[in-house]
Structure formats: C-alpha cells, structure tokens
Amino acid sequence: MNLNDPAELAVLLEAWLLAAGRPLSLERLGELFEEGERPEPARLRDALAILARSCQGRALELKEVASGYRLQVRERFAPWVGRLWEERPQRYSRALLETLALIAYRQPISRGEIEEVRGVAVSSNIIKTLQEREWIRVVGYREVPGRPALFATTRAFLDHFNLKSLDELPPLALLRNLEPGPEEADDGALPSVGSPARIESGEPAEQTSFRTLLAELDSMEQGLKTDFDDLPESGAEGVERAADDS
C-alpha cells in the first residue's frame with residue numbers, strides 16, 4: 001500500500017474506523033502507523049477529507065465528534081435501521097430532559113440552581129442515571145455553605161449527540177417560550193437509547209441529535225423554561241474546580 005497516496009491512505013483509514021467501534025482522534029490514528037511510515041497530520045486530514053467525499057450519496061457518513069472521527073449511518077435512516085432491533089426504547093421523561101438541557105446550556109450548574117429554574121426538586125435517580133451513562137460529571141464545588149457540587153457535560157455526551165463541541169448545541173430559541181409546570185412522576189430511569197448509528201454497532205439508534213431531544217421536550221405538554229436570568233452567571237468566582245479527567 002502506498003501511504004503517500006491520499007486515496008489509498010483514505011481506504012486504510014476507512015478500514016480502521018469501521019473496525020474500531022468508537023471514535024478515533026487524529027492523534028490515535030497517527031499512533032496506528034509504524035514510526036517510519038507515519039504520515040503528517042495534514043496528510044491524514046487530506047485523506048479524511050477524501051473519505052468524507054467518498055461517502056456522499058451513501059447511507060454512511062464520516063462524522064467528527066468530540067472524541068474524534070467515526071463512520072456512522074446517516075441520521076435520516078435511523079427510523080429504518082431501528083427496525084433491526086425488536087426492543088422499543090422507552091421515552092425520556094420531561095424531568096430528565098429538562099435537567100440534562102439545563103446542565104448542557106448553563107454548565108457548570110449546581111443541583112440547587114437546576115431546582116430553582118424547574119421549581120421542583122431534582123430526583124437523585126436522575127442525577128445518578130446521567131452520571132452512570134457518563135453524560136454528566138462533577139467539575140467542581142461552589143464555595144458557599146454546603147459546597148454544592150457543580151455539574152457539566154462530558155465528552156461522552158457530545159459523542160452520543162453527534163456534537164464536536166458545546167458550540168454546536170442548537171440555540172434555545174428553538175424552544176417556544178414555555179414555563180415549567182408541576183413535576184410529573186419520574187423514577188429517573190433512562191431509556192435504553194442507542195448511540196448514533198455506527199455501522200459496526202449492534203445497538204439501536206433512536207436519539208442521534210440534541211436538536212431531536214429538544215424537539216421532543218418542546219412537544220410535551222409542558223416544556224423547558226428558556227429564561228435563565230434568575231441563575232448566577234457561571235464562572236471561576238466562588239468555584240473550586242475538580243480535577244479534569246475528560
């Protein structure tokens with residue numbers, strides 16, 4: 001194989017991404033080469049661009065997320081691909097959607113601040129479930145009495161929702177100006193929603209974008225409050241940071 005040829009290099013990268021079962025960063029792709037044959041990062045990017053173009057008009061696409069690059073089935077095919085699995089995933093509860101959305105848009109944020117916006121207590125099961133799925137983590141503690149933990153989203157959260165960075169979150173203006181209503185019964189259980197439809201994955205793919213999640217929240221009888229003026233601005237003041245392990 002001529003690794004100096006970007007087209008042949010693109011085929012090799014395709015093979016690695018198909019077999020990996022997870023996103024691979026540019027650095028990790030470089031590490032897979034022997035020392036003497038390792039292409040420059042610019043050449044790897046050229047090969048990835050060729051691979052992306054070769055996917056045009058096909059069911060799969062090359063997607064860059066927070067952890068790197070992966071090959072996945074295009075989102076528009078998710079309703080059909082989901083028929084491969086008999087189990088129908090449960091729906092997200094409104095309480096869980098609101099909690100996750102608040103953490104995503106106003107991180108770092110404490111549990112008390114989430115409750116202040118929602119007007120109701122946050123179930124411990126919701127926080128536990130989001131942490132077990134590795135979508136949120138504790139990033140510090142606010143220096144006030146009680147030192148409440150501050151939550152933020154993780155790289156796994158970005159990967160799951162097909163995002164490269166938080167800058168790609170859809171604007172909250174997508175939601176109508178809805179006010180939070182009375183808390184519904186909620187046990188904090190998270191549905192068995194599969195990750196984005198990677199072609200090597202054996203999991204269902206239902207929710208593949210945060211925009212879809214927000215649309216589901218918007219379609220419910222009561223939605224997420226979009227006015228965050230009653231929350232303190234996030235920042236370093238009065239916050240003790242935890243070690244960054246992402």
# chains A, B, ... in the order shown; residues from 1 in each chain; ligands from 1
$ residues_around --residues "Ile114 in chain A" --least-positions-apart "4" --cutoff "7 Å" --atoms "only C-alpha atoms" --output "PyMOL selection string"
chain A and resi 99+102+110+118
$ write_last_selection --atoms "N, CA and C atoms" --output "short mmCIF file (atom, residue, chain, number, x, y, z; two decimals), in the first residue's frame"
data_model
loop_
_atom_site.label_atom_id
_atom_site.label_comp_id
_atom_site.auth_asym_id
_atom_site.auth_seq_id
_atom_site.Cartn_x
_atom_site.Cartn_y
_atom_site.Cartn_z
N THR A 99 -33.50 18.50 33.05
CA THR A 99 -32.26 18.50 33.84
C THR A 99 -31.05 18.45 32.93
N LEU A 102 -30.63 21.81 31.04
CA LEU A 102 -30.11 22.88 31.89
C LEU A 102 -28.62 22.71 32.14
N SER A 110 -25.24 23.90 39.70
CA SER A 110 -25.48 23.05 40.86
C SER A 110 -26.90 22.48 40.82
N ARG A 118 -36.42 24.91 37.60
CA ARG A 118 -37.53 23.99 37.34
C ARG A 118 -38.65 24.15 38.35
#
$ select_by_dssp --residues "range 56-111 of chain A" --states "alpha helix (DSSP H)" --output "NGL selection string"
:A and (78-81 or 94-106 or 111)
$ residues_around --residues "Ala66 in chain A" --least-positions-apart "6" --cutoff "6 Å" --atoms "only C-alpha atoms" --output "list in words"
Arg155, Leu158, Asp159 and Lys164 of chain A
$ residues_around --residues "Ala49 in chain A" --least-positions-apart "6" --cutoff "10 Å" --atoms "only C-alpha atoms" --output "ChimeraX atom specification"
/A:6-7,10,43,62
$ write_last_selection --atoms "all heavy atoms" --output "mmCIF file, in the first residue's frame"
data_model
loop_
_atom_site.group_PDB
_atom_site.id
_atom_site.type_symbol
_atom_site.label_atom_id
_atom_site.label_comp_id
_atom_site.auth_asym_id
_atom_site.auth_seq_id
_atom_site.Cartn_x
_atom_site.Cartn_y
_atom_site.Cartn_z
ATOM 1 N N PRO A 6 -2.904 9.863 -0.979
ATOM 2 C CA PRO A 6 -4.023 10.162 -0.069
ATOM 3 C C PRO A 6 -5.240 9.268 -0.299
ATOM 4 O O PRO A 6 -5.960 8.946 0.649
ATOM 5 C CB PRO A 6 -4.342 11.627 -0.375
ATOM 6 C CG PRO A 6 -3.074 12.188 -0.934
ATOM 7 C CD PRO A 6 -2.452 11.057 -1.709
ATOM 8 N N ALA A 7 -5.466 8.844 -1.551
ATOM 9 C CA ALA A 7 -6.620 7.995 -1.840
ATOM 10 C C ALA A 7 -6.463 6.626 -1.184
ATOM 11 O O ALA A 7 -7.421 6.083 -0.607
ATOM 12 C CB ALA A 7 -6.806 7.858 -3.350
ATOM 13 N N ALA A 10 -6.808 6.964 2.520
ATOM 14 C CA ALA A 10 -8.219 7.105 2.906
ATOM 15 C C ALA A 10 -8.876 5.742 3.076
ATOM 16 O O ALA A 10 -9.693 5.545 3.993
ATOM 17 C CB ALA A 10 -8.970 7.936 1.867
ATOM 18 N N ARG A 43 -1.551 15.337 6.119
ATOM 19 C CA ARG A 43 -1.872 14.293 5.139
ATOM 20 C C ARG A 43 -3.028 13.431 5.627
ATOM 21 O O ARG A 43 -3.878 13.005 4.830
ATOM 22 C CB ARG A 43 -0.639 13.424 4.876
ATOM 23 C CG ARG A 43 -0.847 12.400 3.753
ATOM 24 C CD ARG A 43 0.410 11.599 3.474
ATOM 25 N NE ARG A 43 1.505 12.474 3.056
ATOM 26 C CZ ARG A 43 2.768 12.059 2.914
ATOM 27 N NH1 ARG A 43 3.076 10.798 3.179
ATOM 28 N NH2 ARG A 43 3.701 12.897 2.529
ATOM 29 N N LEU A 62 -18.879 10.189 7.313
ATOM 30 C CA LEU A 62 -17.782 10.392 8.240
ATOM 31 C C LEU A 62 -18.144 11.574 9.116
ATOM 32 O O LEU A 62 -18.410 12.663 8.615
ATOM 33 C CB LEU A 62 -16.479 10.674 7.488
ATOM 34 C CG LEU A 62 -15.251 10.941 8.362
ATOM 35 C CD1 LEU A 62 -14.847 9.686 9.130
ATOM 36 C CD2 LEU A 62 -14.078 11.451 7.526
#
$ select_by_dssp --residues "range 6-81 of chain A" --states "strand (DSSP E)" --output "list in words"
Leu60, Glu61, Leu62, Lys63, Glu64, Val65, Gly68, Tyr69, Arg70, Leu71, Gln72 and Val73 of chain A
$ write_last_selection --atoms "C-alpha atoms" --output "mmCIF file, in the first residue's frame"
data_model
loop_
_atom_site.group_PDB
_atom_site.id
_atom_site.type_symbol
_atom_site.label_atom_id
_atom_site.label_comp_id
_atom_site.auth_asym_id
_atom_site.auth_seq_id
_atom_site.Cartn_x
_atom_site.Cartn_y
_atom_site.Cartn_z
ATOM 1 C CA LEU A 60 -22.947 6.216 5.829
ATOM 2 C CA GLU A 61 -21.054 9.389 6.635
ATOM 3 C CA LEU A 62 -17.782 10.392 8.240
ATOM 4 C CA LYS A 63 -18.585 12.388 11.375
ATOM 5 C CA GLU A 64 -16.200 14.287 13.640
ATOM 6 C CA VAL A 65 -17.359 14.323 17.270
ATOM 7 C CA GLY A 68 -12.522 12.010 17.100
ATOM 8 C CA TYR A 69 -13.810 10.617 13.812
ATOM 9 C CA ARG A 70 -16.243 7.779 13.212
ATOM 10 C CA LEU A 71 -18.212 6.237 10.364
ATOM 11 C CA GLN A 72 -21.931 6.039 11.059
ATOM 12 C CA VAL A 73 -25.266 5.566 9.346
#
$ atom_distance --atom1 "CA of Leu24 in chain A" --atom2 "CA of Leu9 in chain A"
15.4 Å
$ atom_distance --atom1 "CA of Leu32 in chain A" --atom2 "CA of Ser67 in chain A"
16.3 Å
$ atom_distance --atom1 "CA of Lys128 in chain A" --atom2 "CA of Ala149 in chain A"
13.2 Å
$ closest_residue --among "A:Glu27, A:Glu35, A:Glu115, A:Glu75" --to "Ile103 in chain A" --atoms "only C-alpha atoms"
A:Glu115
$ decode --residues "range 44-77 of chain A" --atoms "C-alpha atoms" --output "short mmCIF file (atom, residue, chain, number, x, y, z; two decimals), in the first residue's frame"
data_model
loop_
_atom_site.label_atom_id
_atom_site.label_comp_id
_atom_site.auth_asym_id
_atom_site.auth_seq_id
_atom_site.Cartn_x
_atom_site.Cartn_y
_atom_site.Cartn_z
CA LEU A 44 -4.20 12.43 7.47
CA ARG A 45 -6.68 15.30 7.27
CA ASP A 46 -6.46 15.25 3.47
CA ALA A 47 -7.18 11.50 3.49
CA LEU A 48 -10.12 12.01 5.86
CA ALA A 49 -11.49 14.67 3.52
CA ILE A 50 -11.27 12.20 0.64
CA LEU A 51 -13.05 9.59 2.76
CA ALA A 52 -15.80 12.07 3.62
CA ARG A 53 -16.35 12.90 -0.06
CA SER A 54 -16.47 9.21 -0.94
CA CYS A 55 -19.43 8.83 1.46
CA GLN A 56 -21.55 11.38 -0.39
CA GLY A 57 -24.73 9.83 -1.70
CA ARG A 58 -24.30 6.77 0.52
CA ALA A 59 -26.02 5.63 3.68
CA LEU A 60 -22.95 6.22 5.83
CA GLU A 61 -21.05 9.39 6.63
CA LEU A 62 -17.78 10.39 8.24
CA LYS A 63 -18.58 12.39 11.38
CA GLU A 64 -16.20 14.29 13.64
CA VAL A 65 -17.36 14.32 17.27
CA ALA A 66 -15.63 15.34 20.49
CA SER A 67 -13.54 12.15 20.75
CA GLY A 68 -12.52 12.01 17.10
CA TYR A 69 -13.81 10.62 13.81
CA ARG A 70 -16.24 7.78 13.21
CA LEU A 71 -18.21 6.24 10.36
CA GLN A 72 -21.93 6.04 11.06
CA VAL A 73 -25.27 5.57 9.35
CA ARG A 74 -26.83 8.90 8.41
CA GLU A 75 -29.41 10.13 10.87
CA ARG A 76 -32.24 10.17 8.33
CA PHE A 77 -32.02 6.37 8.08
#
